[in-house]
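Enquirer: For reference, this is run.cif, and it has mmCIF, C-alpha atoms and all ligand atoms.
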data_input
loop_
_atom_site.label_atom_id
_atom_site.label_comp_id
_atom_site.auth_asym_id
_atom_site.auth_seq_id
_atom_site.Cartn_x
_atom_site.Cartn_y
_atom_site.Cartn_z
CA GLN R 193 5.68 10.62 17.54
CA TYR R 194 5.07 10.40 13.78
CA GLN R 195 3.88 6.83 14.51
CA SER R 196 0.88 8.37 16.25
CA TYR R 197 0.50 11.27 13.81
CA GLN R 198 -3.11 12.26 13.42
CA ALA R 199 -3.85 13.66 10.01
CA PRO R 200 -6.68 16.14 9.54
CA ALA R 201 -9.41 14.67 7.30
CA ASP R 202 -8.37 16.94 4.43
CA ALA R 203 -4.60 16.51 4.94
CA LEU R 204 -4.03 15.46 1.33
CA ALA R 205 -6.78 17.44 -0.39
CA GLY R 206 -5.79 18.45 -3.91
CA LYS R 207 -2.72 16.21 -4.01
CA VAL R 208 -1.99 13.70 -6.74
CA ILE R 209 -0.20 10.65 -5.30
CA LEU R 210 1.09 7.58 -7.15
CA VAL R 211 1.25 4.33 -5.15
CA THR R 212 3.06 1.30 -6.58
CA GLY R 213 1.81 -2.14 -5.62
CA ALA R 214 -1.54 -0.54 -4.82
CA GLY R 215 -3.56 -3.71 -5.34
CA ASP R 216 -2.62 -5.60 -2.20
CA GLY R 217 -1.01 -5.45 1.24
CA ILE R 218 0.43 -2.20 2.54
CA GLY R 219 0.13 -0.41 -0.82
CA ARG R 220 -3.60 -1.10 -1.01
CA GLU R 221 -4.11 0.31 2.48
CA ALA R 222 -1.97 3.36 1.70
CA ALA R 223 -3.94 4.07 -1.49
CA LEU R 224 -7.28 3.84 0.36
CA THR R 225 -5.96 5.96 3.23
CA TYR R 226 -4.59 8.68 0.93
CA ALA R 227 -7.88 8.78 -0.97
CA LYS R 228 -9.83 9.06 2.29
CA HIS R 229 -7.70 12.08 3.14
CA GLY R 230 -8.57 13.81 -0.11
CA ALA R 231 -5.84 12.74 -2.52
CA THR R 232 -6.35 11.72 -6.13
CA VAL R 233 -4.48 8.43 -6.15
CA ILE R 234 -2.84 6.78 -9.13
CA LEU R 235 -2.97 3.04 -8.55
CA LEU R 236 -0.03 1.21 -10.13
CA GLY R 237 0.42 -2.55 -10.01
CA ARG R 238 0.73 -5.69 -12.07
CA THR R 239 -2.66 -7.35 -11.42
CA THR R 240 -5.38 -5.24 -13.05
CA ALA R 241 -8.28 -6.97 -11.27
CA LYS R 242 -6.82 -6.06 -7.87
CA LEU R 243 -6.33 -2.43 -8.93
CA GLU R 244 -9.92 -2.32 -10.17
CA ALA R 245 -11.18 -3.61 -6.82
CA VAL R 246 -9.30 -0.82 -5.01
CA TYR R 247 -10.60 1.68 -7.56
CA ASP R 248 -14.19 0.59 -6.81
CA GLU R 249 -13.63 0.84 -3.05
CA ILE R 250 -12.34 4.40 -3.46
CA GLU R 251 -15.33 5.36 -5.63
CA GLN R 252 -17.67 3.95 -2.98
CA LEU R 253 -15.99 6.12 -0.35
CA GLY R 254 -16.89 9.16 -2.41
CA ALA R 255 -13.20 10.08 -2.51
CA PRO R 256 -11.63 11.78 -5.56
CA GLN R 257 -11.76 9.57 -8.64
CA PRO R 258 -8.53 7.54 -8.86
CA ALA R 259 -6.57 6.48 -11.93
CA ILE R 260 -5.18 3.04 -12.75
CA ILE R 261 -1.83 2.19 -14.33
CA PRO R 262 -1.43 -1.55 -14.91
CA LEU R 263 2.32 -2.08 -15.18
CA ASP R 264 4.62 -5.01 -14.47
CA MET R 265 7.80 -3.47 -13.13
CA LYS R 266 9.65 -6.64 -13.98
CA GLY R 267 9.29 -6.09 -17.71
CA ALA R 268 8.82 -2.33 -18.02
CA THR R 269 11.54 -0.32 -19.76
CA GLU R 270 12.51 3.34 -19.58
CA SER R 271 10.14 4.18 -22.43
CA HIS R 272 7.19 2.80 -20.43
CA TYR R 273 8.11 5.10 -17.54
CA ARG R 274 8.57 8.07 -19.88
CA ASP R 275 5.12 7.44 -21.41
CA MET R 276 3.63 7.10 -17.95
CA ALA R 277 5.18 10.39 -16.84
CA ALA R 278 3.88 12.13 -19.98
CA THR R 279 0.36 10.85 -19.31
CA ILE R 280 0.53 12.08 -15.70
CA MET R 281 1.75 15.51 -16.85
CA ASP R 282 -1.05 15.69 -19.45
CA GLN R 283 -3.73 14.70 -17.00
CA PHE R 284 -2.58 16.40 -13.79
CA GLY R 285 0.29 18.76 -14.64
CA ARG R 286 2.31 17.57 -11.63
CA LEU R 287 2.84 14.77 -9.13
CA ASP R 288 2.72 15.63 -5.41
CA GLY R 289 3.58 12.22 -4.00
CA LEU R 290 5.26 8.98 -5.07
CA LEU R 291 5.09 5.95 -2.76
CA HIS R 292 7.48 3.24 -3.88
CA ASN R 293 5.81 0.32 -2.15
CA ALA R 294 5.85 -2.56 -4.68
CA SER R 295 8.64 -5.03 -4.22
CA ILE R 296 9.27 -8.75 -4.33
CA LEU R 297 10.82 -11.09 -1.78
CA GLY R 298 12.39 -13.50 -4.26
CA VAL R 299 13.70 -16.71 -2.78
CA LEU R 300 15.13 -16.89 0.73
CA SER R 301 18.16 -19.17 0.70
CA PRO R 302 21.71 -19.51 1.93
CA PHE R 303 24.08 -17.20 0.04
CA ALA R 304 25.82 -20.20 -1.51
CA HIS R 305 22.54 -21.17 -3.17
CA ILE R 306 21.43 -17.78 -4.50
CA ASP R 307 19.92 -18.27 -7.92
CA SER R 308 21.27 -15.57 -10.21
CA ALA R 309 18.11 -15.25 -12.29
CA SER R 310 15.97 -14.75 -9.20
CA PHE R 311 18.58 -12.34 -7.79
CA GLN R 312 18.33 -10.24 -10.95
CA ASP R 313 14.52 -10.18 -10.81
CA VAL R 314 14.60 -8.92 -7.22
CA MET R 315 17.21 -6.27 -7.99
CA HIS R 316 15.28 -5.20 -11.06
CA VAL R 317 11.84 -4.80 -9.44
CA ASN R 318 13.11 -3.48 -6.11
CA VAL R 319 15.88 -1.19 -7.34
CA THR R 320 16.34 -0.65 -11.08
CA ALA R 321 12.65 -0.18 -11.88
CA GLN R 322 12.27 2.27 -8.98
CA MET R 323 15.27 4.25 -10.24
CA MET R 324 13.81 4.40 -13.77
CA MET R 325 10.36 5.37 -12.54
CA THR R 326 11.68 8.07 -10.22
CA LYS R 327 13.96 9.47 -12.91
CA ALA R 328 11.08 9.70 -15.40
CA LEU R 329 8.82 11.35 -12.83
CA LEU R 330 11.30 13.98 -11.58
CA PRO R 331 9.93 16.77 -13.82
CA ALA R 332 6.36 16.04 -12.64
CA LEU R 333 7.53 15.95 -9.01
CA LEU R 334 9.39 19.24 -9.40
CA ALA R 335 6.28 20.79 -10.95
CA ALA R 336 4.46 20.28 -7.62
CA PRO R 337 4.75 22.92 -4.91
CA ALA R 338 6.15 20.42 -2.35
CA ALA R 339 6.56 16.85 -3.58
CA SER R 340 7.29 13.82 -1.41
CA VAL R 341 9.00 10.63 -2.59
CA VAL R 342 8.83 7.74 -0.14
CA PHE R 343 10.76 4.49 -0.58
CA THR R 344 10.05 1.27 1.30
CA SER R 345 12.89 -0.51 3.06
CA SER R 346 12.99 -3.25 5.66
CA GLY R 347 14.85 -4.20 8.82
CA VAL R 348 17.18 -6.21 6.58
CA GLY R 349 17.86 -3.05 4.57
CA ARG R 350 19.73 -1.65 7.56
CA LYS R 351 21.33 -4.77 9.01
CA GLY R 352 21.97 -7.81 6.84
CA ARG R 353 20.63 -11.15 7.97
CA ALA R 354 21.51 -14.73 7.01
CA HIS R 355 19.44 -16.20 4.15
CA TRP R 356 17.83 -12.89 3.14
CA GLY R 357 20.13 -12.62 0.08
CA ALA R 358 18.78 -10.56 -2.78
CA TYR R 359 15.95 -8.99 -0.81
CA ALA R 360 18.26 -7.60 1.89
CA ILE R 361 20.79 -6.41 -0.69
CA SER R 362 17.99 -4.69 -2.67
CA LYS R 363 16.72 -2.91 0.45
CA PHE R 364 20.22 -1.58 1.27
CA ALA R 365 20.25 -0.26 -2.31
CA THR R 366 16.84 1.33 -1.71
CA GLU R 367 18.17 3.18 1.34
CA GLY R 368 21.16 4.29 -0.75
CA MET R 369 19.02 5.52 -3.64
CA ALA R 370 16.91 7.58 -1.24
CA GLN R 371 20.02 9.13 0.33
CA VAL R 372 21.52 10.04 -3.04
CA LEU R 373 18.26 11.65 -4.18
CA ALA R 374 17.66 13.45 -0.90
CA ASP R 375 21.16 14.93 -1.04
CA GLU R 376 20.82 16.02 -4.68
CA TYR R 377 17.47 17.71 -4.09
CA GLU R 378 18.19 19.06 -0.61
CA ASN R 379 17.70 22.67 -1.66
CA SER R 380 14.60 22.06 -3.76
CA THR R 381 10.89 21.56 -3.18
CA LEU R 382 11.35 17.77 -3.41
CA ARG R 383 11.85 15.66 -0.28
CA VAL R 384 12.85 12.00 -0.17
CA ASN R 385 12.42 9.64 2.76
CA VAL R 386 12.29 5.94 3.59
CA ILE R 387 9.80 3.86 5.56
CA ASN R 388 10.59 0.56 7.24
CA PRO R 389 7.10 -0.93 7.76
CA GLY R 390 8.20 -3.59 10.28
CA ALA R 391 6.54 -7.01 10.46
CA THR R 392 3.08 -6.59 8.92
CA ARG R 393 0.21 -8.95 8.12
CA THR R 394 0.43 -9.34 4.31
CA LYS R 395 1.02 -12.03 1.71
CA MET R 396 4.72 -11.20 1.53
CA ARG R 397 5.15 -11.65 5.27
CA ALA R 398 3.28 -14.97 5.12
CA LYS R 399 5.59 -16.13 2.34
CA ALA R 400 8.68 -15.30 4.42
CA TYR R 401 7.28 -16.76 7.67
CA PRO R 402 4.80 -19.49 6.68
CA ALA R 403 4.64 -21.05 10.15
CA GLU R 404 3.91 -17.82 12.03
CA ASN R 405 0.58 -16.95 13.64
CA SER R 406 -0.28 -13.83 11.69
CA ASP R 407 -2.96 -12.73 14.17
CA LYS R 408 -0.20 -11.29 16.34
CA LEU R 409 1.16 -9.05 13.59
CA LYS R 410 0.33 -5.41 13.02
CA THR R 411 -1.97 -4.78 10.07
CA PRO R 412 -1.28 -2.37 7.21
CA ALA R 413 -3.83 0.01 8.78
CA ASP R 414 -1.67 0.24 11.93
CA LEU R 415 1.18 1.72 9.87
CA MET R 416 -0.77 4.53 8.26
CA PRO R 417 0.13 7.42 10.60
CA LEU R 418 3.70 7.49 9.23
CA TYR R 419 2.51 6.93 5.65
CA LEU R 420 0.19 9.92 6.02
CA TYR R 421 2.76 12.07 7.77
CA LEU R 422 5.36 11.71 5.03
CA MET R 423 2.82 12.61 2.32
CA SER R 424 1.27 15.55 4.15
CA ASP R 425 2.67 19.07 4.19
CA ASP R 426 3.43 18.60 7.89
CA SER R 427 6.62 16.77 6.80
CA LYS R 428 7.58 19.43 4.24
CA ALA R 429 10.92 20.12 5.93
CA ILE R 430 11.89 16.48 6.41
CA THR R 431 14.22 14.89 3.87
CA GLY R 432 16.89 12.19 3.85
CA GLY R 433 15.27 10.31 6.74
CA SER R 434 14.60 6.62 7.28
CA PHE R 435 11.68 5.96 9.61
CA ASP R 436 10.06 2.98 11.34
CA ALA R 437 6.30 2.78 10.88
CA GLN R 438 5.93 0.77 14.10
CA SER R 439 7.15 1.89 17.50
CA HIS R 440 9.15 -0.71 19.37
P1 LIG R 501 2.66 -7.72 -0.82
O1 LIG R 501 3.41 -8.79 -1.51
O2 LIG R 501 1.50 -8.04 0.01
O3 LIG R 501 2.25 -6.60 -1.87
C1 LIG R 501 3.17 -6.13 -2.81
C2 LIG R 501 2.45 -5.42 -3.93
O4 LIG R 501 3.43 -5.08 -4.93
C3 LIG R 501 1.42 -6.29 -4.61
O5 LIG R 501 0.26 -5.53 -4.87
C4 LIG R 501 2.10 -6.71 -5.89
O6 LIG R 501 1.24 -6.94 -6.97
C5 LIG R 501 2.98 -5.52 -6.18
N1 LIG R 501 4.07 -5.92 -7.07
C6 LIG R 501 4.95 -6.93 -6.88
N2 LIG R 501 5.73 -7.08 -7.96
C7 LIG R 501 5.33 -6.14 -8.86
C8 LIG R 501 5.72 -5.82 -10.18
N3 LIG R 501 6.68 -6.51 -10.80
N4 LIG R 501 5.11 -4.81 -10.80
C9 LIG R 501 4.12 -4.13 -10.21
N5 LIG R 501 3.67 -4.40 -8.96
C10 LIG R 501 4.28 -5.39 -8.30
O7 LIG R 501 3.78 -6.97 0.05
P2 LIG R 501 3.64 -6.04 1.35
O8 LIG R 501 2.43 -5.23 1.29
O9 LIG R 501 3.93 -6.88 2.51
O10 LIG R 501 4.94 -5.12 1.15
C11 LIG R 501 4.90 -3.78 0.72
C12 LIG R 501 6.29 -3.21 0.89
O11 LIG R 501 6.68 -3.25 2.26
C13 LIG R 501 7.37 -3.96 0.12
O12 LIG R 501 8.30 -3.05 -0.39
C14 LIG R 501 8.01 -4.83 1.18
O13 LIG R 501 9.34 -5.16 0.86
C15 LIG R 501 7.94 -3.92 2.38
N6 LIG R 501 8.01 -4.59 3.67
C16 LIG R 501 7.00 -5.41 4.10
C17 LIG R 501 7.06 -6.02 5.34
C18 LIG R 501 5.97 -6.93 5.84
O14 LIG R 501 6.13 -7.50 6.94
N7 LIG R 501 4.88 -7.12 5.13
C19 LIG R 501 8.22 -5.81 6.23
C20 LIG R 501 9.22 -4.94 5.68
C21 LIG R 501 9.11 -4.37 4.45
P3 LIG R 501 0.26 -8.21 -7.00
O15 LIG R 501 -0.89 -7.82 -6.14
O16 LIG R 501 -0.11 -8.33 -8.41
O17 LIG R 501 1.02 -9.36 -6.44
#
Let me see whether you can do it: turn the structure in this file into structure tokens.
Expert:
Amino acid sequence: QYQSYQAPADALAGKVILVTGAGDGIGREAALTYAKHGATVILLGRTTAKLEAVYDEIEQLGAPQPAIIPLDMKGATESHYRDMAATIMDQFGRLDGLLHNASILGVLSPFAHIDSASFQDVMHVNVTAQMMMTKALLPALLAAPAASVVFTSSGVGRKGRAHWGAYAISKFATEGMAQVLADEYENSTLRVNVINPGATRTKMRAKAYPAENSDKLKTPADLMPLYLYLMSDDSKAITGGSFDAQSH
């Protein structure tokens, strides 16, 4: 029923929510949706022009003024994440929500042909960088009255599939990271959950399935009920879960 969750217009009023990969695809839609529901969104991504376009759209909506963090998670080190966390603490004093949405597909290929350099890039952006970012942001998350961390998995993060190599392995790791965190913080104000978006009309999907007719796919907007639910206080008691954004 969370797939048809209807959020009140002010569901996220007063919340500060960081969205990674906020310049395109599902992350862009989530950032706009959170802003429309009253949140101050922090837009993180690697292409500044795309983040600026989302920033302008949010301003035009009359939603709370967002912030932009241009950051390439492929190259960022722990000190970048520590600096980022310090800036967020200075500016806002807490972080109410963290949506780990950015990830890369890498190269789909038979296991025998996995390119180690590409494998490492995928594991770094999809897993290591998310660990470092979350770790740096824990004090800010614990400074919020009820913080929500949401990771993004995939169908191949729950059941492996031929040729999905690094991406599938990284998404299993994402599910694992969320479970470890949820268990550690079970008796705290911090909750940790996972979303599997399901097939969605974005650039990543088109890269994985170039021959597909994308008109038949759900759009990022169709997924937003679950994205809103997990950031709103209505999911305060929910932690350690892994949810599908689309009903089947
Ligand atoms: P897109 O490729 O459309 O968007 C991904 C976003 O992440 C982009 O804005 C991209 O930036 C950003 N990003 C990628 N690499 C980095 C990096 N190194 N540093 C900072 N930002 C980065 O993907 P989707 O919207 O389709 O996917 C969103 C999430 O949903 C991903 O985690 C994906 O694995 C997951 N997912 C998607 C499905 C689908 O069908 N679309 C299905 C299952 C899971 P830039 O704009 O600069 O490229």
Enquirer: Can you tell me which residues surround Ser380 of chain R at a distance of at most 12 Å, considering all atoms listed in the file, apart from same-chain residues fewer than 4 positions away, and format the answer as a VMD selection string?
Expert: chain R and resid 330 333 to 340 373 to 376 384 428 to 431
Enquirer: Please indicate the distance in Å from atom CA of Val348 of chain R to atom CA of Ile218 of chain R, rounded to one decimal place.
Expert: 17.7 Å
Enquirer: For Ala328 of chain R, which residue out of R:Thr279, R:Thr240, R:Thr392, R:Asn405 is the nearest one, using only C-alpha atoms?
Expert: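 For Ala328 of chain R, the nearest of the given residues is R:Thr279.
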Enquirer: Using all atoms listed in the file, tabulate the residues of chain R lying at most 6 Å from any atom of ligand LIG 501 (chain R), each with its closest atom pair and that distance in Å to one decimal, by chain and increasing residue number, as a tab-separated table.
Expert:
residue	atom	partner	partner_atom	distance
R:Gly213	CA	R:LIG501	O4	3.4
R:Ala214	CA	R:LIG501	O5	5.3
R:Gly215	CA	R:LIG501	O5	4.3
R:Asp216	CA	R:LIG501	O5	3.9
R:Gly217	CA	R:LIG501	O8	3.4
R:Ile218	CA	R:LIG501	O8	3.8
R:Gly219	CA	R:LIG501	O8	5.7
R:Gly237	CA	R:LIG501	N5	3.9
R:Arg238	CA	R:LIG501	C9	4.2
R:Thr239	CA	R:LIG501	O16	4.1
R:Leu263	CA	R:LIG501	C9	5.7
R:Asp264	CA	R:LIG501	N4	3.7
R:Met265	CA	R:LIG501	N4	3.8
R:Lys266	CA	R:LIG501	N3	4.4
R:Asn293	CA	R:LIG501	O12	4.5
R:Ala294	CA	R:LIG501	O4	3.5
R:Ser295	CA	R:LIG501	O12	4.3
R:Ile296	CA	R:LIG501	C6	5.3
R:Val317	CA	R:LIG501	N3	5.6
R:Thr344	CA	R:LIG501	O12	5.0
R:Ser345	CA	R:LIG501	C21	5.6
R:Ser346	CA	R:LIG501	C20	4.1
R:Asn388	CA	R:LIG501	C21	5.9
R:Pro389	CA	R:LIG501	C20	5.0
R:Gly390	CA	R:LIG501	C19	4.6
R:Ala391	CA	R:LIG501	O14	3.6
R:Thr392	CA	R:LIG501	O14	3.7
R:Arg393	CA	R:LIG501	N7	5.8
R:Thr394	CA	R:LIG501	O2	4.6
R:Lys395	CA	R:LIG501	O2	4.4
R:Met396	CA	R:LIG501	O1	4.1
R:Arg397	CA	R:LIG501	N7	4.5
Enquirer: Could you put an axis-aligned box around every listed atom of segment 205-215 of chain R, padded by 5 Å on each side, and send me its centre and edge lengths in Å to one decimal, as lines of an AutoDock Vina configuration file?
Expert:
center_x = -1.9
center_y = 7.4
center_z = -3.8
size_x = 19.8
size_y = 32.2
size_z = 16.8
Enquirer: So, counting only C-alpha atoms, which residue among R:Ala400, R:Ala205, R:Met416, R:Leu210 is closest to Ala222 of chain R?
Expert: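 When distances to Ala222 of chain R are compared using only C-alpha atoms, the smallest one comes from R:Met416.
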Enquirer: Of the candidates R:Lys228, R:Phe284, R:Thr320, R:Gly433, which one gets nearest to Glu378 of chain R if we count all atoms listed in the file?
Expert: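 Counting all atoms listed in the file, the residue closest to Glu378 of chain R is R:Gly433.
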Enquirer: What separation in Å, quoted to one decimal, exists between atom CA of Ala277 of chain R and atom CA of Met325 of chain R?
Expert: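 Separation between atom CA of Ala277 of chain R and atom CA of Met325 of chain R: 8.4 Å.
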Enquirer: Point out the residue among R:His229, R:Gly285, R:Pro302, R:Ala245 with the least atom-to-atom distance to Arg353 of chain R, counting only C-alpha atoms.
Expert: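 Going through R:His229, R:Gly285, R:Pro302, R:Ala245 one by one, the smallest distance to Arg353 of chain R is for R:Pro302.
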Enquirer: Which residue gives the smallest distance to Pro256 of chain R among R:Ser301, R:Thr411, R:Asn385, R:Thr232, with only C-alpha atoms counted?
Expert: R:Thr232
Enquirer: With distances taken over all atoms listed in the file, which of R:Ala365, R:Ile260, R:Ala203, R:Ala354 is nearest to Pro417 of chain R?
Expert: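 Checking each candidate against Pro417 of chain R, we get R:Ala203 as the closest.
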Enquirer: One number please: atom CA of Gly254 of chain R to atom CA of Ile280 of chain R, in Å, one decimal.
Expert: 22.1 Å
Enquirer: Can you pull out every residue within 9 Å of Gln257 of chain R, counting all atoms listed in the file, but drop anything in the same chain fewer than 2 positions away, and send it as a count of residues only?
Expert: 9
Enquirer: Could you name the residues that touch Gly298 of chain R at 12 Å or less, counting all atoms listed in the file, but leaving out those on the same chain fewer than 4 positions away, as a PyMOL selection string?
Expert: chain R and resi 306-318+355-362+396+399-400
